[in-house]
Amino acid sequence: MERDQKVWDYIREIKKIWWDSQGVNEKEVREKLQKVLPFPFQISIEITNLCNLKCLMCCRPRLQRKIGNMEFGLYKRLVDEISHQYVSSLYLTGDGEPLLHPQLIEMIQYAKTMGIERVCVGTNCMLLDEGISKQIISSGLDVIVFSVDAATQKTYQKLREGGDFALVTTNVRRFLQLKKEIGNQSPQAVISFIRMKDNVTEIESFIDMWRHFLNDTDYIQIRDYDTLAGQVEDRRVSFPENNRKPCQYLWQQMVIYWNGDVPVCCKDFHGKCLMGNVTKNTIEELWQGAKFHQLRQMHLEAKYNNIPLCKNCGSWWIFSAETTGVRIIKSVKEVAENQEG
């Protein structure tokens, strides 16, 4: 569709701002970012903020918001609106464990029925038994992210209080095996490792531990620790240079909490900087609203320190070209084929 092509042209243009630091100067940044898409092209819907773990790198154990599940009626209305726009990815994730929502499978299926191109879920894998694994594989889900972050029980236990490393590895391996047995390439499996002081020595062991289980579309993701705008202890291994740019989240992504609240971004765990609520306004109205516009302008004017949440945030760095913040490791088979080519 012509509309979709225009969106992708814009996406490619603005991504150059964050990824090609050598090719774009500050004046170009300001000029290009004056244009904002009429609708976010990535949306995260927090279907629940219930969680079964207490993780070292997460604000969830100190969450100040109310706890609950999104009602299916509200979710359906959001997906209906999204389906009439071009959205590259819909994430059914937030500050909780999605597998704790009793209607997760129904939510995935509804989004796919409505034509959402890419639906993604992230999980800590504790509840990923054989039954739910089969349902997820058959649901139409496009991407599932397994948060593991360690190659040993000792390190895992330190990072994820209440978790069981042996159970998690068993669950993930069974899921990958079931996917092969069923004959589905989807959902694409992403095995995630957040690099920090506590686990940096286990990266290569982690890669060796998992890469033999991946099919051609799956991959391992190594990404840098995020202090979540200074809200958790700094456990980073690498640190940013002083070359800050406007944050891409304000031009790309909207987060919607289980009760309809829309925070400025995913770092606003406690809902202190709300843009509105989707039970009172549409996604499009909020995205084009005065609050988002004001924050974008402040970023264009480099007034980051005037926004409490943005002042200590490092996400602008993690996804920029100056960092090795994201590393992708694919299957052994694909690596071998690339080397032969």
# chains A, B, ... in the order shown; residues from 1 in each chain; ligands from 1

$ residues_around --residues "Asn277 in chain A" --least-positions-apart "4" --cutoff "12 Å" --atoms "only C-alpha atoms" --output "list of chain:residue names"
A:Leu74, A:Leu78, A:Met254, A:Val255, A:Ile256, A:Tyr257, A:Trp258, A:Asn259, A:Gly260, A:Asp261, A:Val262, A:Pro263, A:Val264, A:Gly271, A:Cys273, A:Asn281, A:Thr282, A:Ile283, A:Glu284, A:Glu285, A:Leu286, A:Trp287, A:Gly289

$ write_last_selection --atoms "C-alpha atoms" --output "tab-separated table (two decimals), in the first residue's frame"
chain	number	residue	atom	x	y	z
A	74	LEU	CA	-10.31	-2.45	26.09
A	78	LEU	CA	-7.11	-0.75	20.90
A	254	MET	CA	3.70	4.35	22.41
A	255	VAL	CA	3.24	2.37	25.61
A	256	ILE	CA	-0.23	1.63	26.97
A	257	TYR	CA	-0.62	0.35	30.52
A	258	TRP	CA	-3.16	-2.28	31.53
A	259	ASN	CA	-5.61	0.38	32.81
A	260	GLY	CA	-5.34	2.54	29.68
A	261	ASP	CA	-2.79	5.04	30.97
A	262	VAL	CA	-0.24	6.17	28.40
A	263	PRO	CA	3.16	7.08	29.90
A	264	VAL	CA	5.77	9.09	28.05
A	271	GLY	CA	3.24	6.42	35.65
A	273	CYS	CA	4.60	11.40	33.39
A	281	ASN	CA	-8.93	9.51	23.94
A	282	THR	CA	-7.86	7.49	20.93
A	283	ILE	CA	-4.26	6.43	20.38
A	284	GLU	CA	-4.04	8.88	17.48
A	285	GLU	CA	-5.36	11.79	19.54
A	286	LEU	CA	-2.83	11.21	22.29
A	287	TRP	CA	0.07	10.70	19.86
A	289	GLY	CA	-1.58	15.71	21.45

$ select_by_dssp --residues "range 116-301 of chain A" --states "helix (DSSP H, G or I)" --output "VMD selection string"
chain A and resid 130 to 138 153 to 159 165 to 182 200 to 213 249 to 252 283 to 287 290 to 300

$ closest_residue --among "A:Val143, A:Cys266, A:Ile191, A:Ile136" --to "Leu228 in chain A" --atoms "only C-alpha atoms"
A:Cys266

$ closest_residue --among "A:Thr123, A:Ser315, A:Gln34, A:Thr169" --to "Gln297 in chain A" --atoms "only C-alpha atoms"
A:Gln34

$ residues_around --residues "Thr113 in chain A" --least-positions-apart "4" --cutoff "12 Å" --atoms "only C-alpha atoms" --output "number ranges by chain"
A: 76, 79-80, 83, 106-109, 117-119, 139-141

$ residues_around --residues "Gln188 in chain A" --least-positions-apart "4" --cutoff "7 Å" --atoms "only C-alpha atoms" --output "PyMOL selection string"
chain A and resi 142-144+217-218

$ closest_residue --among "A:Tyr86, A:Tyr156, A:Trp251, A:Phe175" --to "Gln135 in chain A" --atoms "only C-alpha atoms"
A:Phe175

$ atom_distance --atom1 "CA of Cys55 in chain A" --atom2 "CA of Leu159 in chain A"
5.6 Å

$ residues_around --residues "Ile47 in chain A" --least-positions-apart "3" --cutoff "8 Å" --atoms "only C-alpha atoms" --output "VMD selection string"
chain A and resid 69 to 70 75 92 to 94 98 101 257 to 258

$ write_last_selection --atoms "N, CA and C atoms" --output "mmCIF file, in the first residue's frame"
data_model
loop_
_atom_site.group_PDB
_atom_site.id
_atom_site.type_symbol
_atom_site.label_atom_id
_atom_site.label_comp_id
_atom_site.auth_asym_id
_atom_site.auth_seq_id
_atom_site.Cartn_x
_atom_site.Cartn_y
_atom_site.Cartn_z
ATOM 1 N N ASN A 69 -4.895 -6.758 35.378
ATOM 2 C CA ASN A 69 -4.921 -7.256 34.001
ATOM 3 C C ASN A 69 -5.767 -6.343 33.133
ATOM 4 N N MET A 70 -5.350 -6.154 31.886
ATOM 5 C CA MET A 70 -6.178 -5.396 30.948
ATOM 6 C C MET A 70 -7.416 -6.202 30.593
ATOM 7 N N TYR A 75 -8.672 -4.041 25.289
ATOM 8 C CA TYR A 75 -7.651 -4.546 24.364
ATOM 9 C C TYR A 75 -8.211 -4.623 22.947
ATOM 10 N N LEU A 92 2.984 -7.261 23.238
ATOM 11 C CA LEU A 92 2.062 -7.528 24.340
ATOM 12 C C LEU A 92 2.888 -7.729 25.601
ATOM 13 N N THR A 93 3.506 -6.666 26.021
ATOM 14 C CA THR A 93 4.423 -6.746 27.152
ATOM 15 C C THR A 93 4.463 -5.412 27.873
ATOM 16 N N GLY A 94 4.951 -5.452 29.102
ATOM 17 C CA GLY A 94 5.038 -4.239 29.908
ATOM 18 C C GLY A 94 5.837 -4.548 31.159
ATOM 19 N N PRO A 98 3.543 -11.643 30.780
ATOM 20 C CA PRO A 98 2.350 -11.834 29.939
ATOM 21 C C PRO A 98 1.651 -13.175 30.117
ATOM 22 N N HIS A 101 -1.544 -13.509 32.177
ATOM 23 C CA HIS A 101 -2.871 -13.064 31.738
ATOM 24 C C HIS A 101 -3.646 -14.263 31.204
ATOM 25 N N TYR A 257 -0.544 1.196 29.333
ATOM 26 C CA TYR A 257 -0.615 0.350 30.519
ATOM 27 C C TYR A 257 -1.953 -0.377 30.589
ATOM 28 N N TRP A 258 -2.004 -1.379 31.449
ATOM 29 C CA TRP A 258 -3.158 -2.279 31.529
ATOM 30 C C TRP A 258 -4.472 -1.541 31.792
#

$ closest_residue --among "A:Ile222, A:Val237, A:Asn171, A:Thr152" --to "Glu202 in chain A" --atoms "only C-alpha atoms"
A:Thr152

$ closest_residue --among "A:Phe39, A:Ile182, A:Gly162, A:Glu71" --to "Thr279 in chain A" --atoms "only C-alpha atoms"
A:Glu71

$ atom_distance --atom1 "CA of Ala150 in chain A" --atom2 "CA of Gln248 in chain A"
28.8 Å

$ closest_residue --among "A:Phe206, A:Tyr110, A:Phe193, A:Phe292" --to "Tyr249 in chain A" --atoms "only C-alpha atoms"
A:Phe292
